[in-house]
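Enquirer: The following file, input-v7.cif, comprises mmCIF, C-alpha atoms and all ligand atoms:
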data_protein
#
loop_
_atom_site.label_atom_id
_atom_site.label_comp_id
_atom_site.auth_asym_id
_atom_site.auth_seq_id
_atom_site.Cartn_x
_atom_site.Cartn_y
_atom_site.Cartn_z
CA MET E 1 84.13 -1.36 43.87
CA SER E 2 83.82 1.60 41.51
CA ASN E 3 83.61 1.11 37.78
CA PRO E 4 86.82 1.27 35.77
CA SER E 5 87.35 4.71 34.25
CA LEU E 6 87.90 5.43 30.58
CA LEU E 7 88.76 8.79 29.04
CA ILE E 8 87.75 9.03 25.39
CA LEU E 9 89.54 11.50 23.13
CA PRO E 10 88.00 11.19 19.62
CA GLY E 11 90.24 13.88 18.09
CA ASP E 12 90.01 14.94 14.44
CA GLY E 13 88.98 13.74 10.98
CA ILE E 14 87.74 10.15 11.08
CA GLY E 15 88.65 9.95 14.81
CA PRO E 16 85.13 10.90 16.01
CA GLU E 17 83.54 8.68 13.32
CA VAL E 18 85.35 5.50 14.35
CA MET E 19 85.04 6.36 18.05
CA ALA E 20 81.25 6.62 17.75
CA GLU E 21 81.19 2.91 16.86
CA VAL E 22 83.42 2.07 19.81
CA ARG E 23 81.04 3.96 22.13
CA ARG E 24 78.20 1.71 20.96
CA ILE E 25 80.32 -1.34 21.73
CA ILE E 26 81.21 0.01 25.18
CA ASP E 27 77.47 0.48 25.82
CA TRP E 28 76.86 -3.10 24.65
CA TYR E 29 79.30 -4.40 27.28
CA GLY E 30 77.44 -2.40 29.94
CA ASP E 31 74.01 -3.65 28.86
CA LYS E 32 74.80 -7.24 27.99
CA ARG E 33 77.86 -8.21 30.02
CA GLY E 34 77.48 -6.05 33.14
CA LEU E 35 80.82 -4.44 32.34
CA THR E 36 80.20 -0.78 32.99
CA PHE E 37 82.83 1.88 32.53
CA ASP E 38 82.84 5.43 33.86
CA VAL E 39 83.32 7.10 30.50
CA SER E 40 84.31 10.74 30.09
CA GLU E 41 85.05 12.47 26.82
CA ASP E 42 87.34 15.38 26.00
CA LEU E 43 89.18 17.13 23.18
CA VAL E 44 92.60 16.47 21.71
CA GLY E 45 94.49 17.63 18.61
CA GLY E 46 92.95 20.16 16.25
CA ALA E 47 89.59 19.94 18.04
CA ALA E 48 91.28 21.04 21.29
CA TYR E 49 93.21 23.75 19.45
CA ASP E 50 89.98 25.15 17.98
CA LYS E 51 88.47 25.51 21.45
CA HIS E 52 91.45 26.22 23.71
CA GLY E 53 94.29 27.34 21.42
CA THR E 54 96.32 24.29 22.49
CA PRO E 55 96.21 20.69 21.18
CA LEU E 56 95.95 19.35 24.74
CA HIS E 57 94.51 21.36 27.62
CA ASP E 58 96.23 20.93 31.02
CA ASP E 59 92.93 19.73 32.52
CA THR E 60 92.72 16.98 29.87
CA MET E 61 96.32 15.99 30.59
CA ALA E 62 95.50 15.78 34.31
CA LYS E 63 92.41 13.64 33.61
CA ALA E 64 94.47 11.29 31.42
CA GLN E 65 96.87 10.74 34.33
CA GLU E 66 94.01 9.74 36.64
CA VAL E 67 91.91 7.33 34.59
CA ASP E 68 92.43 3.58 34.20
CA ALA E 69 92.79 3.95 30.43
CA VAL E 70 92.64 6.51 27.63
CA LEU E 71 91.13 5.69 24.24
CA LEU E 72 92.14 8.02 21.40
CA GLY E 73 90.80 8.29 17.83
CA ALA E 74 93.22 10.25 15.66
CA VAL E 75 94.64 13.75 15.42
CA GLY E 76 95.67 16.10 12.63
CA GLY E 77 94.45 17.43 9.33
CA PRO E 78 95.30 19.88 6.55
CA LYS E 79 93.40 22.70 8.28
CA TYR E 80 96.13 22.75 10.93
CA ASP E 81 99.14 22.63 8.59
CA VAL E 82 99.62 26.38 8.92
CA LEU E 83 99.88 26.31 12.73
CA ASP E 84 103.11 26.86 14.58
CA PHE E 85 104.87 23.52 15.24
CA SER E 86 104.39 23.89 19.02
CA VAL E 87 100.59 23.81 18.77
CA LYS E 88 100.12 21.35 15.92
CA PRO E 89 97.55 18.60 16.69
CA GLU E 90 100.27 15.91 16.76
CA ARG E 91 101.97 17.72 19.68
CA GLY E 92 98.92 16.91 21.84
CA LEU E 93 99.33 13.19 21.24
CA LEU E 94 103.09 13.34 21.79
CA ARG E 95 102.55 15.19 25.09
CA LEU E 96 100.16 12.47 26.28
CA ARG E 97 102.66 9.75 25.42
CA LYS E 98 105.58 11.59 27.05
CA GLU E 99 103.91 12.80 30.25
CA MET E 100 102.16 9.48 30.87
CA ASP E 101 105.55 7.86 30.16
CA LEU E 102 103.99 5.29 27.81
CA TYR E 103 107.24 3.73 26.72
CA ALA E 104 106.02 0.44 25.23
CA ASN E 105 103.83 0.76 22.15
CA LEU E 106 102.36 -2.61 21.20
CA ARG E 107 101.35 -2.73 17.54
CA PRO E 108 100.06 -6.18 16.62
CA ALA E 109 99.71 -7.07 12.95
CA GLN E 110 97.34 -9.97 12.47
CA CYS E 111 95.96 -11.07 9.16
CA PHE E 112 92.37 -12.24 9.43
CA ASP E 113 91.80 -15.22 7.10
CA ALA E 114 89.02 -13.42 5.25
CA LEU E 115 91.41 -10.59 4.34
CA ALA E 116 94.39 -12.62 3.14
CA ASP E 117 93.58 -11.53 -0.43
CA PHE E 118 93.63 -7.83 0.45
CA SER E 119 97.29 -7.49 1.19
CA SER E 120 99.41 -6.17 -1.64
CA LEU E 121 101.56 -9.24 -0.94
CA LYS E 122 100.81 -12.83 -2.03
CA LYS E 123 98.22 -14.66 0.04
CA ASP E 124 100.58 -17.35 1.35
CA VAL E 125 102.99 -14.66 2.58
CA VAL E 126 100.38 -13.13 4.89
CA ALA E 127 97.77 -15.84 5.65
CA GLY E 128 97.82 -16.69 9.36
CA LEU E 129 100.22 -13.86 10.16
CA ASP E 130 100.37 -12.84 13.84
CA ILE E 131 103.27 -10.60 14.81
CA MET E 132 103.75 -7.95 17.47
CA ILE E 133 105.84 -4.84 16.94
CA VAL E 134 106.97 -3.24 20.20
CA ARG E 135 107.90 0.34 19.44
CA GLU E 136 109.73 2.49 22.02
CA LEU E 137 107.47 5.53 22.34
CA THR E 138 108.85 8.16 24.71
CA SER E 139 112.40 8.78 23.55
CA GLY E 140 114.72 8.56 20.57
CA ILE E 141 114.76 11.11 17.80
CA TYR E 142 111.16 12.17 18.52
CA PHE E 143 112.21 13.79 21.80
CA GLY E 144 116.04 14.08 21.82
CA GLU E 145 117.75 17.44 22.43
CA PRO E 146 119.15 19.51 20.83
CA ARG E 147 116.42 20.01 18.27
CA GLY E 148 115.13 22.89 16.22
CA ILE E 149 115.80 24.95 13.12
CA ILE E 150 118.77 27.26 13.58
CA GLU E 151 120.67 29.79 11.48
CA GLU E 152 124.18 28.71 10.56
CA GLY E 153 126.22 30.95 8.32
CA ASN E 154 123.88 32.05 5.58
CA GLU E 155 121.48 29.14 5.74
CA ARG E 156 119.16 27.31 8.12
CA VAL E 157 119.81 23.89 9.64
CA GLY E 158 117.14 21.45 10.86
CA ILE E 159 118.28 19.43 13.87
CA ASN E 160 116.93 16.37 15.65
CA THR E 161 118.85 14.14 17.99
CA GLN E 162 118.65 10.37 18.37
CA ARG E 163 119.28 9.62 22.03
CA TYR E 164 118.66 6.53 24.16
CA THR E 165 119.68 5.83 27.74
CA GLU E 166 120.41 2.28 28.90
CA SER E 167 117.38 2.31 31.18
CA GLU E 168 115.08 3.40 28.35
CA ILE E 169 116.28 0.50 26.21
CA ASP E 170 116.18 -1.93 29.13
CA ARG E 171 112.54 -1.30 30.02
CA VAL E 172 111.15 -1.58 26.49
CA ALA E 173 113.27 -4.70 25.88
CA ARG E 174 111.74 -6.25 29.01
CA SER E 175 108.24 -5.54 27.69
CA ALA E 176 109.15 -7.31 24.45
CA PHE E 177 110.60 -10.37 26.18
CA GLU E 178 107.63 -10.61 28.57
CA LEU E 179 105.26 -10.55 25.59
CA ALA E 180 107.34 -13.13 23.73
CA MET E 181 107.11 -15.46 26.73
CA ARG E 182 103.31 -15.44 26.31
CA ARG E 183 103.52 -15.84 22.52
CA GLY E 184 105.97 -17.58 20.18
CA LYS E 185 109.10 -17.06 22.36
CA LYS E 186 111.04 -15.15 19.71
CA VAL E 187 112.29 -11.55 19.80
CA CYS E 188 113.94 -9.80 16.86
CA SER E 189 115.54 -6.47 17.77
CA MET E 190 115.96 -3.91 14.99
CA GLU E 191 118.34 -0.93 14.95
CA LYS E 192 121.20 0.35 12.81
CA ALA E 193 124.19 -0.60 14.94
CA ASN E 194 126.26 -0.47 11.74
CA VAL E 195 125.94 3.32 11.51
CA MET E 196 124.52 4.65 14.81
CA GLU E 197 126.04 4.61 18.30
CA SER E 198 122.54 4.55 19.78
CA GLY E 199 122.07 1.35 17.78
CA ILE E 200 125.24 -0.18 19.24
CA LEU E 201 124.01 0.55 22.77
CA TRP E 202 120.52 -0.70 21.86
CA ARG E 203 121.93 -4.05 20.70
CA GLU E 204 124.14 -4.43 23.80
CA VAL E 205 121.34 -3.69 26.28
CA VAL E 206 118.78 -5.89 24.51
CA THR E 207 121.33 -8.73 24.51
CA GLU E 208 121.89 -8.29 28.28
CA VAL E 209 118.15 -8.30 29.02
CA GLY E 210 117.79 -11.35 26.77
CA LYS E 211 120.08 -13.36 29.08
CA GLU E 212 117.31 -13.18 31.69
CA TYR E 213 114.96 -14.89 29.24
CA PRO E 214 116.86 -18.03 28.16
CA GLU E 215 113.68 -19.57 26.71
CA VAL E 216 113.30 -16.71 24.23
CA GLU E 217 115.26 -16.89 21.00
CA LEU E 218 116.80 -13.45 20.38
CA SER E 219 117.97 -12.24 16.98
CA HIS E 220 119.16 -8.84 15.73
CA MET E 221 118.61 -7.19 12.37
CA TYR E 222 119.57 -3.88 10.88
CA ALA E 223 116.29 -2.00 10.53
CA ASP E 224 116.61 -1.57 6.76
CA ALA E 225 117.08 -5.31 6.29
CA GLY E 226 114.24 -5.82 8.77
CA ALA E 227 111.93 -3.75 6.56
CA MET E 228 112.84 -5.97 3.63
CA GLN E 229 112.31 -9.17 5.65
CA LEU E 230 108.95 -7.87 6.86
CA CYS E 231 107.80 -7.76 3.23
CA ARG E 232 109.65 -10.90 2.09
CA TRP E 233 108.53 -13.38 4.77
CA PRO E 234 106.81 -11.70 7.74
CA LYS E 235 105.86 -15.01 9.36
CA GLN E 236 109.50 -15.49 10.44
CA PHE E 237 108.81 -12.91 13.19
CA ASP E 238 107.03 -13.19 16.52
CA VAL E 239 107.91 -10.04 18.51
CA ILE E 240 109.91 -7.21 16.93
CA VAL E 241 111.38 -4.60 19.30
CA THR E 242 112.64 -1.34 17.88
CA ASP E 243 113.05 2.38 18.52
CA ASN E 244 110.52 5.17 18.14
CA LEU E 245 111.16 6.19 14.53
CA PHE E 246 111.92 2.75 13.07
CA GLY E 247 108.83 1.44 14.90
CA ASP E 248 106.67 4.14 13.32
CA LEU E 249 107.80 3.16 9.82
CA LEU E 250 107.81 -0.59 10.32
CA SER E 251 104.31 -0.62 11.82
CA ASP E 252 102.80 1.30 8.90
CA ALA E 253 104.49 -1.18 6.56
CA ALA E 254 103.12 -4.06 8.65
CA ALA E 255 99.64 -2.58 8.24
CA MET E 256 99.67 -3.58 4.61
CA LEU E 257 100.28 -7.20 5.62
CA THR E 258 96.85 -7.14 7.26
CA GLY E 259 95.08 -5.64 4.26
CA SER E 260 94.40 -2.08 5.42
CA LEU E 261 95.70 0.58 7.77
CA GLY E 262 92.13 0.62 9.03
CA MET E 263 92.73 -2.76 10.71
CA LEU E 264 95.68 -2.01 13.02
CA PRO E 265 95.14 -1.30 16.73
CA SER E 266 97.73 -0.31 19.31
CA ALA E 267 98.31 -0.15 23.05
CA SER E 268 100.76 2.28 24.61
CA LEU E 269 101.73 1.09 28.06
CA GLY E 270 103.75 2.61 30.88
CA ALA E 271 104.74 1.64 34.38
CA PRO E 272 102.16 0.04 36.71
CA MET E 273 99.90 2.41 38.64
CA ALA E 274 98.95 1.94 42.31
CA ASN E 275 96.30 -0.62 41.28
CA GLY E 276 98.96 -2.73 39.55
CA ARG E 277 97.70 -1.96 36.04
CA PRO E 278 99.90 -0.12 33.57
CA LYS E 279 99.22 3.45 32.61
CA ALA E 280 97.69 3.04 29.21
CA LEU E 281 96.49 4.73 26.06
CA TYR E 282 94.85 2.79 23.25
CA GLU E 283 94.60 4.10 19.69
CA PRO E 284 94.42 2.89 16.12
CA VAL E 285 97.70 3.06 14.19
CA HIS E 286 96.07 5.09 11.43
CA GLY E 287 95.67 8.86 11.36
CA SER E 288 92.74 11.22 10.80
CA ALA E 289 92.45 10.24 7.09
CA PRO E 290 91.41 13.70 5.81
CA ASP E 291 90.81 12.23 2.33
CA ILE E 292 87.80 10.23 3.56
CA ALA E 293 86.74 12.16 6.69
CA GLY E 294 83.05 13.04 7.02
CA GLN E 295 81.93 10.54 4.39
CA GLY E 296 81.09 7.51 6.53
CA LYS E 297 83.80 5.55 4.73
CA ALA E 298 86.26 4.93 7.56
CA ASN E 299 86.88 1.43 8.79
CA PRO E 300 86.25 1.44 12.56
CA ILE E 301 87.90 -1.96 13.16
CA ALA E 302 91.35 -0.60 14.18
CA CYS E 303 89.68 1.52 16.85
CA VAL E 304 87.38 -1.31 17.98
CA LEU E 305 90.37 -3.67 18.21
CA SER E 306 92.16 -0.99 20.27
CA PHE E 307 89.28 -1.19 22.75
CA ALA E 308 89.72 -4.99 22.73
CA MET E 309 93.37 -4.41 23.71
CA ALA E 310 92.13 -2.17 26.55
CA LEU E 311 89.87 -4.98 27.76
CA ARG E 312 92.88 -7.30 27.77
CA TYR E 313 95.71 -5.12 29.09
CA SER E 314 93.92 -2.64 31.38
CA PHE E 315 90.79 -4.40 32.58
CA ASP E 316 91.76 -8.10 32.95
CA GLN E 317 88.97 -9.05 30.54
CA GLY E 318 90.90 -11.32 28.19
CA ALA E 319 87.85 -13.49 27.46
CA GLU E 320 85.73 -10.45 26.54
CA ALA E 321 88.57 -9.15 24.35
CA GLU E 322 88.50 -12.48 22.54
CA ARG E 323 84.73 -12.26 22.18
CA LEU E 324 85.11 -8.91 20.43
CA GLU E 325 87.97 -10.10 18.21
CA LYS E 326 85.95 -13.18 17.30
CA ALA E 327 82.94 -10.99 16.43
CA ILE E 328 85.12 -9.03 14.02
CA GLU E 329 86.44 -12.24 12.51
CA THR E 330 82.85 -13.42 11.94
CA VAL E 331 81.82 -10.15 10.32
CA LEU E 332 84.81 -10.25 7.97
CA ALA E 333 84.19 -13.92 7.15
CA ASP E 334 80.61 -12.92 6.23
CA GLY E 335 82.01 -10.53 3.61
CA VAL E 336 81.05 -7.29 5.37
CA ARG E 337 83.44 -4.63 4.05
CA THR E 338 84.10 -0.91 4.47
CA ALA E 339 85.41 0.93 1.41
CA ASP E 340 89.10 0.30 2.17
CA LEU E 341 88.43 -3.46 1.86
CA LEU E 342 86.23 -3.57 -1.22
CA GLY E 343 87.12 -5.39 -4.40
CA GLU E 344 85.87 -8.97 -4.14
CA GLU E 345 82.75 -10.35 -5.65
CA GLY E 346 79.86 -11.00 -3.29
CA ALA E 347 81.08 -8.63 -0.60
CA THR E 348 78.60 -6.50 1.33
CA PRO E 349 79.71 -2.87 1.23
CA VAL E 350 78.95 -0.98 4.43
CA SER E 351 79.52 2.45 5.92
CA THR E 352 81.37 3.08 9.18
CA SER E 353 78.17 2.71 11.19
CA GLY E 354 77.13 -0.28 9.08
CA MET E 355 80.32 -2.02 10.21
CA GLY E 356 79.40 -1.06 13.80
CA ASP E 357 75.93 -2.60 13.30
CA ALA E 358 77.46 -5.84 11.98
CA ILE E 359 79.92 -6.11 14.89
CA LEU E 360 77.11 -5.51 17.41
CA ALA E 361 74.98 -8.18 15.73
CA ALA E 362 77.89 -10.64 15.91
CA LEU E 363 78.38 -9.76 19.60
CA ASP E 364 74.68 -10.43 20.24
CA ALA E 365 75.00 -13.76 18.44
CA SER E 366 77.94 -14.68 20.67
CA LEU E 367 75.79 -14.72 23.83
P1 LIG E 401 96.36 8.37 7.60
O1 LIG E 401 96.59 7.15 8.42
O2 LIG E 401 95.41 9.35 8.17
O3 LIG E 401 95.85 7.96 6.14
C1 LIG E 401 96.62 7.20 5.22
C2 LIG E 401 95.70 6.51 4.20
O4 LIG E 401 95.01 5.42 4.82
C3 LIG E 401 94.61 7.44 3.65
O5 LIG E 401 94.37 7.16 2.31
C4 LIG E 401 93.39 7.07 4.48
O6 LIG E 401 92.16 7.30 3.82
C5 LIG E 401 93.61 5.59 4.74
N1 LIG E 401 93.04 5.21 6.05
C6 LIG E 401 93.56 5.49 7.27
N2 LIG E 401 92.75 5.02 8.23
C7 LIG E 401 91.70 4.45 7.62
C8 LIG E 401 90.52 3.80 8.09
N3 LIG E 401 90.26 3.64 9.40
N4 LIG E 401 89.64 3.34 7.18
C9 LIG E 401 89.88 3.48 5.87
N5 LIG E 401 90.97 4.08 5.35
C10 LIG E 401 91.87 4.56 6.22
O7 LIG E 401 97.79 9.04 7.38
P2 LIG E 401 98.18 10.45 6.71
O8 LIG E 401 97.24 10.75 5.59
O9 LIG E 401 99.63 10.36 6.48
O10 LIG E 401 97.96 11.52 7.87
C11 LIG E 401 96.79 12.33 7.99
C12 LIG E 401 96.88 13.09 9.32
O11 LIG E 401 96.80 12.18 10.42
C13 LIG E 401 98.17 13.87 9.51
O12 LIG E 401 97.86 15.07 10.14
C14 LIG E 401 99.00 12.98 10.44
O13 LIG E 401 99.93 13.68 11.22
C15 LIG E 401 97.92 12.38 11.29
N6 LIG E 401 98.25 11.09 11.91
C16 LIG E 401 97.76 10.91 13.16
C17 LIG E 401 97.96 9.70 13.80
C18 LIG E 401 97.39 9.51 15.15
O14 LIG E 401 96.55 10.29 15.57
N7 LIG E 401 97.79 8.49 15.90
C19 LIG E 401 98.63 8.65 13.14
C20 LIG E 401 99.09 8.88 11.82
C21 LIG E 401 98.89 10.10 11.21
C1 LIG E 402 101.62 7.27 14.85
C2 LIG E 402 101.69 8.64 14.20
C3 LIG E 402 102.33 9.63 15.17
C4 LIG E 402 103.79 9.26 15.30
C5 LIG E 402 102.17 11.11 14.84
C6 LIG E 402 100.78 11.50 14.49
C7 LIG E 402 102.67 11.94 15.99
O1 LIG E 402 102.31 8.59 12.98
O2 LIG E 402 101.06 7.16 15.96
O3 LIG E 402 102.08 6.31 14.24
O4 LIG E 402 104.62 9.67 14.49
O5 LIG E 402 104.10 8.55 16.27
MN MN E 403 102.74 6.53 12.31
#
Take the structure in the file and write it out as C-alpha cells.
Expert:
Amino acid sequence: MSNPSLLILPGDGIGPEVMAEVRRIIDWYGDKRGLTFDVSEDLVGGAAYDKHGTPLHDDTMAKAQEVDAVLLGAVGGPKYDVLDFSVKPERGLLRLRKEMDLYANLRPAQCFDALADFSSLKKDVVAGLDIMIVRELTSGIYFGEPRGIIEEGNERVGINTQRYTESEIDRVARSAFELAMRRGKKVCSMEKANVMESGILWREVVTEVGKEYPEVELSHMYADAGAMQLCRWPKQFDVIVTDNLFGDLLSDAAAMLTGSLGMLPSASLGAPMANGRPKALYEPVHGSAPDIAGQGKANPIACVLSFAMALRYSFDQGAEAERLEKAIETVLADGVRTADLLGEEGATPVSTSGMGDAILAALDASL
C-alpha cells in the first residue's frame, strides 16, 4: 500500500516557523515508528501571492483535493493589508475550506495541568478543562450572498448575508452529536434565535437531529450568553456546536482558557472520500502573529497538536496521536516554556525550535 499523502502549506509569518517543528516530528514518525508520509509542500496566503499574484494557485487547490490531508500554518500579515480584498491572504484559506467543503471545524480547548495558572481565569475554573467547539466552516455570513460594498444614495453600504440551509445545519449538527457520543454525551448549540431567523432554523434542525441521539443531552444557548458562560464556568460544556462567525469568536475566547492562543489546534473535516476518510485540513487556531514573526518566539504546540489531530482523524493512528499529546504534556510539566507562556519561577525559556527539541526528546523517551 502506498504511504498516506500530506500536503504542507506553511503560509506566512510564524506559519513556516511552527511548521518547521512539525516537519521534524513527521520525520521522527518515519524514522522511529515506521509511519512514513508522502509529504509535499506548497505556498498559500501572502507567500503564494508574492509568487503567483493569487493567495492560492489552482494547482495547489487541485493538490489539496487529492491528498489524504492538508496541514496549514497560518496566513496573513500587515504587508498584505493594501491588497484588493479578492487576493488577500485570507481568501486563499477560505477558498480551501469552501472548495474542499470542510464543513465541520473541530476546535478542542484542553487545559494542560501544567498551564492551569496561565489562563487569565482562576485556576479552578480551567483546571482539567476538555471541551470541543464544532464550528460550521463553509457557510453563514462568511459566504452568504448578497455581499459587497455598494453605493446607495450619497453613501456606501457594506453588506454581508447570514444564510444557512437545513442540510448545512443538519450535517454539522451530526458531526457534533457523533463526537459527543465518543466524549461526554452533551451538546450545547449556540445561535441567536431571539433575533435571527437563521438562528431559529438552526435551533429547529439541531433539535431534530438530536432526536436521533437520545443518549446525548442537548441544550441551547443564545451565543452572547454562551460567551459569558464560557468564561464563567467552561467545564459545564462538552461539545459546543455553532455557526461560522460565532464559532470564530468563541474559539478565540476558549483559547484563553488553555493559557495561550499558541496552544489551540483544529481539524476541518468534510465528507468521506473514496477511502472512507474525511477530506481534511489541519491548522492551528492562531494566525501569522506578525508581532513576533521571525524572532523564534512562536509556540509550535498548536501546530504540533494539529498534526496529532491528523494522526487521529485522517490516519487511524489514535495511539500515536496520544503519544504525541502525552509528549507535550511531559514537556509542559517539566516547565519548558515558549515566550507566550513565561512568567513562573523555575521555568525553562525556549525558542520555537527549542520547544521542538524538547518534544522530540519526550517522544524518544516514550519508546
Ligand atoms: P494572531 O493569532 O496572529 O495573533 C494574536 C496574538 O497572539 C498576537 O499577540 C500573537 O503574537 C499571539 N500568538 C498567536 N499565535 C501564537 C503562537 N503560536 N505563539 C505565541 N504567540 C502567539 O491574530 P491577529 O494578530 O489578529 O492576526 C494576524 C494575521 O493573521 C491577520 O492577517 C489575520 O487575518 C491572520 N489570521 C490567520 C489565521 C489563519 O491562518 N488560520 C487565523 C487568525 C488570524
Ligand atoms: C480562523 C481565522 C480565519 C477565520 C481567517 C484568517 C480567515 O480567524 O481560522 O479562525 O476568520 O475563519
Ligand atoms: Mn479566528
Enquirer: Please tabulate, as a Markdown table, the residues of chain E that come within 8 Å of ligand LIG 402 (chain E), each with its closest pair of atoms and the distance in Å to one decimal, counting only C-alpha atoms and all ligand atoms and ordering rows by chain, then residue number upward.
Expert:
| residue | atom | partner | partner_atom | distance |
| --- | --- | --- | --- | --- |
| E:Ala74 | CA | E:LIG402 | C6 | 7.8 |
| E:Val75 | CA | E:LIG402 | C6 | 6.6 |
| E:Gly76 | CA | E:LIG402 | C6 | 7.1 |
| E:Glu90 | CA | E:LIG402 | C7 | 4.7 |
| E:Arg91 | CA | E:LIG402 | C7 | 6.9 |
| E:Leu93 | CA | E:LIG402 | C7 | 6.3 |
| E:Leu94 | CA | E:LIG402 | C7 | 6.0 |
| E:Leu137 | CA | E:LIG402 | O5 | 7.6 |
| E:Asn244 | CA | E:LIG402 | O5 | 7.5 |
| E:Leu245 | CA | E:LIG402 | O4 | 7.4 |
| E:Asp248 | CA | E:LIG402 | O3 | 5.2 |
| E:Leu249 | CA | E:LIG402 | O3 | 7.9 |
| E:Ser251 | CA | E:LIG402 | O3 | 7.7 |
| E:Asp252 | CA | E:LIG402 | O3 | 7.4 |
| E:Pro284 | CA | E:LIG402 | O2 | 7.9 |
| E:Val285 | CA | E:LIG402 | O3 | 5.5 |
| E:His286 | CA | E:LIG402 | O3 | 6.7 |
| E:Gly287 | CA | E:LIG402 | C6 | 6.5 |
Enquirer: With a distance cut-off of 9 Å and only C-alpha atoms, select the neighbouring residues of range 331-344 of chain E, excluding the residue or stretch itself and same-chain residues fewer than 2 positions from it, and output the selection as a ChimeraX atom specification.
Expert: /E:112-115,117-118,259-262,297-300,326-329,346-352,354-355,358-359,361-362
Enquirer: Rank E:Thr165, E:Ser266, E:Thr258, E:Thr330 by their smallest atom-to-atom distance to ligand MN 403 (chain E), using all atoms listed in the file, and report the top residue only.
Expert: E:Ser266
Enquirer: Pick out the closest residue to ligand MN 403 (chain E) from this set: E:Glu191, E:Glu283, E:Asp101, E:Asp357. Count all atoms listed in the file.
Expert: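 Nearest to ligand MN 403 (chain E): E:Glu283.
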Enquirer: Residues within 12 Å of range 45-56 of chain E, please, as a VMD selection string. Count all atoms listed in the file; anything in the same chain fewer than 3 positions from it doesn't count.
Expert: chain E and resid 9 to 13 15 to 16 41 to 42 59 to 64 72 to 97 99 287 to 288
Enquirer: Please list as a PyMOL selection string every residue within 12 Å of Pro4 in chain E, counting all atoms listed in the file and excluding residues in the same chain fewer than 5 positions away.
Expert: chain E and resi 30+35-40+66-70+275+277+310-311+314-317
Enquirer: Regenerate range 24-37 of chain E at the level of N, CA and C atoms and dump it as a JSON list (two decimals), in the frame of the given file.
Expert:
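Final file, selection23.json:
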[["chain", "number", "residue", "atom", "x", "y", "z"],
["E", 24, "ARG", "N", 79.34, 2.64, 21.00],
["E", 24, "ARG", "CA", 78.20, 1.71, 20.96],
["E", 24, "ARG", "C", 78.61, 0.35, 21.53],
["E", 25, "ILE", "N", 79.85, -0.04, 21.25],
["E", 25, "ILE", "CA", 80.32, -1.34, 21.73],
["E", 25, "ILE", "C", 80.55, -1.29, 23.26],
["E", 26, "ILE", "N", 81.05, -0.15, 23.73],
["E", 26, "ILE", "CA", 81.21, 0.01, 25.18],
["E", 26, "ILE", "C", 79.84, -0.09, 25.86],
["E", 27, "ASP", "N", 78.83, 0.56, 25.26],
["E", 27, "ASP", "CA", 77.47, 0.48, 25.82],
["E", 27, "ASP", "C", 76.96, -0.97, 25.81],
["E", 28, "TRP", "N", 77.28, -1.69, 24.75],
["E", 28, "TRP", "CA", 76.86, -3.10, 24.65],
["E", 28, "TRP", "C", 77.42, -3.89, 25.84],
["E", 29, "TYR", "N", 78.69, -3.68, 26.15],
["E", 29, "TYR", "CA", 79.30, -4.40, 27.28],
["E", 29, "TYR", "C", 78.61, -4.06, 28.59],
["E", 30, "GLY", "N", 78.17, -2.79, 28.73],
["E", 30, "GLY", "CA", 77.44, -2.40, 29.94],
["E", 30, "GLY", "C", 76.09, -3.10, 30.01],
["E", 31, "ASP", "N", 75.37, -3.08, 28.89],
["E", 31, "ASP", "CA", 74.01, -3.65, 28.86],
["E", 31, "ASP", "C", 74.01, -5.17, 28.94],
["E", 32, "LYS", "N", 74.92, -5.79, 28.17],
["E", 32, "LYS", "CA", 74.80, -7.24, 27.99],
["E", 32, "LYS", "C", 75.79, -8.07, 28.82],
["E", 33, "ARG", "N", 76.86, -7.45, 29.27],
["E", 33, "ARG", "CA", 77.86, -8.21, 30.02],
["E", 33, "ARG", "C", 78.08, -7.66, 31.43],
["E", 34, "GLY", "N", 77.32, -6.63, 31.80],
["E", 34, "GLY", "CA", 77.48, -6.05, 33.14],
["E", 34, "GLY", "C", 78.84, -5.41, 33.35],
["E", 35, "LEU", "N", 79.48, -5.05, 32.24],
["E", 35, "LEU", "CA", 80.82, -4.44, 32.34],
["E", 35, "LEU", "C", 80.65, -2.94, 32.09],
["E", 36, "THR", "N", 80.50, -2.20, 33.16],
["E", 36, "THR", "CA", 80.20, -0.78, 32.99],
["E", 36, "THR", "C", 81.44, 0.07, 33.27],
["E", 37, "PHE", "N", 81.69, 0.98, 32.38],
["E", 37, "PHE", "CA", 82.83, 1.88, 32.53],
["E", 37, "PHE", "C", 82.34, 3.28, 32.87]]
